[in-house]
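What follows is one structure encoded as structure tokens, with my remarks underneath.
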There are 2 protein chains.
Amino acid sequence: MPNDLDTVFAALADPTRRAILAMLLEDDMAVTDVAEPFEMSLAAISKHLVILTKAGLISQEKRGRVKWCKLEPDALRTASVWMQGFGQFEPVNLDAFERFLEIELPTPDEA
Amino acid sequence: MPNDLDTVFAALADPTRRAILAMLLEDDMAVTDVAEPFEMSLAAISKHLVILTKAGLISQEKRGRVKWCKLEPDALRTASVWMQGFGQFEPVNLDAFERFLEIELPTPDEA
DNA sequence: GGATTGGTCAACCATTTGGTTGAATATGCG
DNA sequence: CGCATATTCAACCAAATGGTTGACCAATCC
């Protein structure tokens, strides 16, 4: 499922994928154009795009024979909120953050 | 090298490690106590702690025969800054966080 | 000193990850 | 139609990941 923290963080852990996200920040791009600056096969990039899509970080839409890739910031927001909770627990509202964690914590299986 | 985005995000991608971070948010803990709630060996937890340490997310200090683990939120801030660098979301506001709590997550009875 | 507790190390294993190549599947173009 | 373009699929591979177990070191207690 999209926006799952496991998949989002795993997707972000690869420098190629972060570079792709940075490129898509500029504009939507076709798969071939995404692949162009990288020194790896198109198939490899295609796999990376699948991973980013499954993480909900991008969406892909096929128009004609071209598949367009678009940044989807919502999944990033989820992860960002999670992280910022740690970084900023001093100011206040530790309680709310810990309630959030208790929701996230007991899901090792993720049905 | 701590605070490298690859290692930070990779460390965060594992639910056990995120749970450990959440526990350390409460207080510093000894390795054995960190391991206690998990259904895996102490050695496995020890490995997770090494990964978190290498990512700079925690620090470990040995006092006597007990090794204490301490949350180090700076690495998280680094990653958070990276996301803000190309994300549109503002650096934390608690409003967004609480909206997240209410909307993005199903509200459990126990929390 | 000897047993116990806290934690890591080393070897091992299964699974996942990130890449390759070559064939296959659209779609668009002349 | 026939060919080029865009993208994925499938099989394969090496390396990394996440776990196990048993041996090992270091500190503490009696």
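Lettering and numbering for the structure tokens are positional, with chains as A, B, ... in the shown order, residues counted from 1 in each chain, and ligands counted from 1 in the shown order.
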
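What chain C places within 8 Å of chain A, counting only C-alpha atoms (C1' of nucleotides), is DG18, DG19, DA26, DT27 and DG28 of chain C.
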
Considering only C-alpha atoms (C1' of nucleotides), return as a PDB file with N, CA and C atoms (P, O5', C5', C4', C3', O3' and C1' of nucleotides), in the first residue's frame whatever protein or nucleic-acid residues lie within 12 Å of Glu39 in chain B, sequence-local ones (same chain, fewer than 5 positions apart) excluded.
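Saved file part_9.pdb follows:
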ATOM      1  N   PRO A 108       4.244  -5.036  12.910  1.00  0.00           N
ATOM      2  CA  PRO A 108       5.379  -5.676  12.252  1.00  0.00           C
ATOM      3  C   PRO A 108       4.943  -6.484  11.033  1.00  0.00           C
TER       4      PRO A 108
ATOM      5  N   THR B  16      11.394  -2.541  12.926  1.00  0.00           N
ATOM      6  CA  THR B  16      12.028  -2.804  14.223  1.00  0.00           C
ATOM      7  C   THR B  16      12.876  -1.605  14.646  1.00  0.00           C
ATOM      8  N   VAL B  34      16.355  -2.668  25.495  1.00  0.00           N
ATOM      9  CA  VAL B  34      15.829  -2.387  24.159  1.00  0.00           C
ATOM     10  C   VAL B  34      15.307  -3.670  23.536  1.00  0.00           C
ATOM     11  N   ALA B  44      20.425 -10.021  17.172  1.00  0.00           N
ATOM     12  CA  ALA B  44      19.732  -9.321  16.082  1.00  0.00           C
ATOM     13  C   ALA B  44      19.516  -7.852  16.453  1.00  0.00           C
ATOM     14  N   ILE B  45      19.055  -7.625  17.679  1.00  0.00           N
ATOM     15  CA  ILE B  45      18.850  -6.244  18.133  1.00  0.00           C
ATOM     16  C   ILE B  45      20.171  -5.487  18.165  1.00  0.00           C
TER      17      ILE B  45
ATOM     18  P    DG D  19      15.078  -8.667  11.519  1.00  0.00           P
ATOM     19  O5'  DG D  19      15.640 -10.055  12.108  1.00  0.00           O
ATOM     20  C5'  DG D  19      14.890 -11.223  12.018  1.00  0.00           C
ATOM     21  C4'  DG D  19      15.752 -12.458  11.845  1.00  0.00           C
ATOM     22  C3'  DG D  19      16.488 -12.988  13.068  1.00  0.00           C
ATOM     23  O3'  DG D  19      15.613 -13.634  13.972  1.00  0.00           O
ATOM     24  C1'  DG D  19      17.702 -13.356  11.045  1.00  0.00           C
TER      25       DG D  19
END

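Taking range 1-63 of chain A and asking which residues DSSP calls strand (DSSP E or B) on the backbone, you get Met29, Ala30, Ile58, Ser59, Gln60, Glu61, Lys62 and Arg63 of chain A.
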
Would you mind exporting the chosen residues as a CSV table (one decimal), in the first residue's frame, restricted to N, CA and C atoms?
chain,number,residue,atom,x,y,z
A,29,MET,N,8.1,13.9,-16.4
A,29,MET,CA,9.0,13.3,-17.4
A,29,MET,C,8.6,12.0,-17.9
A,30,ALA,N,8.9,11.7,-19.1
A,30,ALA,CA,8.8,10.3,-19.7
A,30,ALA,C,9.8,9.4,-19.1
A,58,ILE,N,5.7,8.7,-6.5
A,58,ILE,CA,5.4,9.2,-7.8
A,58,ILE,C,4.1,8.5,-8.4
A,59,SER,N,3.6,9.1,-9.4
A,59,SER,CA,2.5,8.4,-10.1
A,59,SER,C,2.9,8.3,-11.6
A,60,GLN,N,2.4,7.3,-12.3
A,60,GLN,CA,2.7,7.1,-13.7
A,60,GLN,C,1.5,7.0,-14.5
A,61,GLU,N,1.4,7.8,-15.6
A,61,GLU,CA,0.3,7.8,-16.4
A,61,GLU,C,0.7,7.6,-17.9
A,62,LYS,N,0.1,6.6,-18.5
A,62,LYS,CA,0.5,6.3,-19.9
A,62,LYS,C,-0.4,7.1,-20.9
A,63,ARG,N,0.2,8.0,-21.7
A,63,ARG,CA,-0.5,8.7,-22.7
A,63,ARG,C,0.2,8.3,-24.1

For this session: Hey, list the chain D side of the contact with chain A: 12 Å cut-off, only C-alpha atoms (C1' of nucleotides), answer as an MDAnalysis selection string.
Result: chainID D and resid 5:10

For this session: Could you tell me which of B:Val81, B:Pro73, B:Arg17, B:Met23 comes closest to chain A if we count only C-alpha atoms?
Result: B:Pro73

Problem set entry | 6 Å contacts from chain B to chain A using only C-alpha atoms, as a ChimeraX atom specification | /B:6,9-10,13,19,73,76-77,80
